[in-house]
Each structure stands twice: as C-alpha cells, then as structure tokens.
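Below: the structure, in structure tokens.
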Amino acid sequence: AQAGVPIDAVALANQGETVLAWDPATGEPLSTAIVWQDRRSEEICARLRGQADRVAQATGLVLDPYFSAPKMAWLRENVTKEGVVTTSDSWLVHRLTGEFVTDAATASRSLVTRLDDADWDDGLLELFGLGGERLPRIAANDEVIGSTSAFGGDLPVCGLVVDQQAALLAENCLTAGEAKCTFGTGAFLLANTGTSATRSAAGLAASVAWRVRGETSYCLDGQVYTAASAVRWLQDLGMIGSAADLDAVAADDSEGVLCV
C-alpha cells in the first residue's frame with residue numbers, strides 16, 4: 001500500500017538456518033527463533049563428532065551448529081516437544097498460505113538431507129534425535145506453493161529460496177565456475193558448481209543452489225560469519241559512531257596487523 005504499485009506474486013528469500021518450534025494447527029510460535037549465528041547447540045555437535053565424516057559425505061556440509069538440525073535438536077531437548085520444529089521459511093509460508101513446505105535449497109542446509117537428491121535422510125534424522133518429527137514437503141524453487149491475501153487480492157506465493165542462493169542468482173552466476181561474494185551481517189562467497197553434487201575437500205559447504213525447470217544446480221559456500229557485525233561491535237565499544245566513521249579513523253598503514 002505504501003509503495004503504491006501493483007503486486008503480481010509474493011516470493012520469500014529466507015535465512016536458511018534459522019529455526020523455531022510452532023503449532024501447525026494455529027500457526028503460533030512455541031519458541032523464539034534460533035538464528036544462524038547461535039552456537040548453543042555446540043554440545044550436540046560435539047556428541048556426534050564421531051559421525052562427522054558420515055554427515056559430510058551424505059549432506060556435503062560440515063557438522064556445525066551453524067546448520068539447522070543441531071538447533072532443531074536443541075529446541076527439542078531444552079524447550080518444547082510440542083508442535084513442529086522447522087526452519088523459519090516453513091512457518092512464514094504456513095502463515096501466508098496454510099501449506100507445510102520448505103524448498104530444496106533450504107532443506108540442503110539442514111544436515112539431515114542427502115545432497116545428491118535433496119531429500120530427507122531417515123538415518124540422519126535418527127542421528128539428531130529427530131526421527132519422529134513431522135517434516136515439511138521439499139518443494140522446487142520455481143514452484144507455486146499456494147496463495148495469500150496478506151498483501152491485498154489473491155496472490156501466488158512462489159520462489160522460495162535461501163537468501164545467499166538468491167544472491168547467487170541475482171548476481172547472474174548461472175553457470176558452473178561463476179561466483180559471488182555478498183556482504184551483510186557476515187560475508188558469503190558462493191560458487192556455482194553446476195548440476196553435479198560436488199563435495200569440498202577444504203571444509204566448504206556444498207548445497208543445492210536451486211531446483212528449477214526440473215533440474216537441480218549446486219554450489220559451494222564459504223562463510224565469513226562476521227562482516228557488518230564487526231562494525232556493529234566497534235560501535236558498541238564506542239570506537240565509532242557509525243559505519244561511515246570507519247574511513248575517518250582508519251590508519252594509513254595497518255603495519256601488518258590483521259583482524260580475523
């Protein structure tokens with residue numbers, strides 16, 4: 001209404017590893033959301049460290065609290081066993097459409113889906129103590145999920161995708177070997193690896209980039225957890241008033257000092 005422009009469709013680029021518990025009958029949340037930077041599920045990953053190679057081979061991911069399954073397990077162990085526990089996109093789409101879905105790219109960031117076919121893996125679900133969970137259907141990224149009247153009229157809801165994979169598409173990295181780096185709270189370097197599921201030998205995350213027109217494309221992902229959040233940290237310390245002050249306070253020469 002504020003933009004004063006017509007809307008043809010509603011799409012969702014979500015933060016792919018944020019999770020919460022919620023009631024599928026009412027749509028009401030049963031927990032706060034645990035975001036991607038949260039490390040409270042470190043103990044769960046430590047318990048499973050002996051399975052790290054198995055997890056990596058199946059999922060293409062490193063066993064780490066960054067991904068969604070350890071957070072889901074932590075919520076089940078410490079907060080609630082009621083309702084469903086999913087990534088935030090499933091909750092948002094349910095509120096918009098009533099459907100219970102996630103997309104192939106988001107599912108591939110969970111540690112409980114197989115990289116080769118982007119489907120839930122029963123063995124990995126059992127490993128994380130999630131074997132009895134009701135899980136959303138995994139949809140293609142170009143699928144029309146349902147419709148919503150939340151934005152006026154009856155609009156299709158479609159184009160579900162992880163935010164970083166959305167950025168890979170938006171930067172026109174459509175063929176194998178093309179890569180982008182985008183900056184926000186963190187910095188994320190993604191490279192399109194084509195239609196073959198390629199595992200990394202260097203600790204990078206292999207994920208579904210998107211599943212469109214019946215074909216799945218993959219990517220390798222290198223995550224720098226701290227980018228703009230480091231600027232916010234400097235502000236909180238009182239060293240700068242805003243990001244614009246960085247230029248004014250920067251030394252002419254770092255003299256070899258690195259901030260990692």
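Chains: A, B, ... in order of the structure tokens. Residues: from 1 per chain. Ligands: from 1, in order shown.
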List every residue of stretch 13-73 of chain A that has an atom at most 10 Å from any atom of stretch 222-243 of chain A, and for each one report the closest atom pair and its distance in Å to one decimal, counting only C-alpha atoms, with rows sorted by chain and then by increasing residue number, as CSV.
residue,atom,partner,partner_atom,distance
A:Trp36,CA,A:Tyr225,CA,9.2
A:Gln37,CA,A:Tyr225,CA,7.4
A:Tyr66,CA,A:Tyr225,CA,9.6
Fewer than 6 positions away in the same chain doesn't count, so skip those; otherwise give me all residues within 6 Å of stretch 38-43 of chain A, counting only C-alpha atoms, as a PyMOL selection string.
chain A and resi 65+70-71+74
Requested write-out: C-alpha atoms of the selected residues, as a short mmCIF file (atom, residue, chain, number, x, y, z; two decimals), in the first residue's frame:
data_model
loop_
_atom_site.label_atom_id
_atom_site.label_comp_id
_atom_site.auth_asym_id
_atom_site.auth_seq_id
_atom_site.Cartn_x
_atom_site.Cartn_y
_atom_site.Cartn_z
CA PRO A 65 25.82 -25.53 14.97
CA PRO A 70 21.50 -29.18 15.69
CA LYS A 71 19.34 -26.16 16.54
CA TRP A 74 18.47 -28.37 20.91
#
To test your reading of the structure, identify every residue in stretch 1-194 of chain A that backbone DSSP assigns to alpha helix (DSSP H), and report it as an MDAnalysis selection string.
chainID A and resid 42:47 52:59 68:78 88:97 104:107 122:127 163:170
Polymer residues at most 8 Å from A:Leu190, only C-alpha atoms, same-chain spacing of 5 or more positions, as an MDAnalysis selection string
chainID A and resid 164:165 168 179:181 219:222
Using only C-alpha atoms, the shortest atom-to-atom distance to A:Asp121 among A:Ala105, A:Ala69, A:Leu12, A:Leu48 belongs to A:Ala69
For stretch 116-202 of chain A against stretch 75-90 of chain A, with a cut-off of 10 Å and counting only C-alpha atoms, what is the closest atom pair and its distance in Å to one decimal for every residue that makes the cut, ordered by chain and number, as CSV?
residue,atom,partner,partner_atom,distance
A:Gly129,CA,A:Arg76,CA,8.6
A:Leu130,CA,A:Arg76,CA,8.5
A:Glu133,CA,A:Val84,CA,7.0
A:Arg134,CA,A:Val84,CA,6.4
A:Leu135,CA,A:Thr86,CA,7.4
A:Pro136,CA,A:Ser90,CA,7.1
A:Arg137,CA,A:Ser90,CA,9.4
A:Leu160,CA,A:Asp89,CA,8.1
A:Val161,CA,A:Asp89,CA,8.9
A:Val162,CA,A:Asp89,CA,9.0
Quick one: write out the picked residues with N, CA, C and O atoms as a short mmCIF file (atom, residue, chain, number, x, y, z; two decimals), in the first residue's frame?
data_model
loop_
_atom_site.label_atom_id
_atom_site.label_comp_id
_atom_site.auth_asym_id
_atom_site.auth_seq_id
_atom_site.Cartn_x
_atom_site.Cartn_y
_atom_site.Cartn_z
N GLY A 129 18.18 -37.24 16.71
CA GLY A 129 17.03 -37.36 17.59
C GLY A 129 15.77 -36.76 17.03
O GLY A 129 14.85 -36.40 17.78
N LEU A 130 15.68 -36.66 15.70
CA LEU A 130 14.55 -36.03 15.04
C LEU A 130 13.74 -37.04 14.22
O LEU A 130 12.96 -36.65 13.35
N GLU A 133 9.83 -36.67 13.84
CA GLU A 133 9.30 -35.34 13.54
C GLU A 133 8.45 -35.31 12.27
O GLU A 133 8.75 -36.00 11.29
N ARG A 134 7.42 -34.49 12.29
CA ARG A 134 6.66 -34.18 11.07
C ARG A 134 7.44 -33.10 10.33
O ARG A 134 7.66 -32.00 10.87
N LEU A 135 7.85 -33.41 9.12
CA LEU A 135 8.72 -32.51 8.36
C LEU A 135 7.99 -31.95 7.15
O LEU A 135 7.13 -32.62 6.56
N PRO A 136 8.33 -30.74 6.73
CA PRO A 136 7.66 -30.14 5.57
C PRO A 136 8.04 -30.83 4.27
O PRO A 136 9.12 -31.40 4.13
N ARG A 137 7.13 -30.77 3.32
CA ARG A 137 7.43 -31.24 1.97
C ARG A 137 8.50 -30.36 1.35
O ARG A 137 8.49 -29.14 1.52
N LEU A 160 10.50 -19.75 -3.38
CA LEU A 160 11.14 -19.93 -2.08
C LEU A 160 12.61 -20.30 -2.29
O LEU A 160 12.93 -21.17 -3.08
N VAL A 161 13.51 -19.67 -1.54
CA VAL A 161 14.95 -19.92 -1.74
C VAL A 161 15.73 -19.34 -0.56
O VAL A 161 15.26 -18.41 0.12
N VAL A 162 16.92 -19.88 -0.30
CA VAL A 162 17.82 -19.32 0.70
C VAL A 162 18.35 -17.97 0.21
O VAL A 162 18.61 -17.79 -0.98
#
Can you tell me, as a VMD selection string, what residues are no more than 9 Å from A:His94 when counting only C-alpha atoms, ignoring any on the same chain fewer than 5 positions away?
chain A and resid 24 27 89 99 to 101
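Our summary of the geometry notes that atom CA of A:Thr97 is positioned 19.4 Å from atom CA of A:Leu30.
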Determine, counting only C-alpha atoms, which protein, DNA and RNA residues have an atom within 6 Å of an atom of A:Ala176; residues of the same chain fewer than 3 positions away are not included. Present the result as a ChimeraX atom specification.
/A:192-194
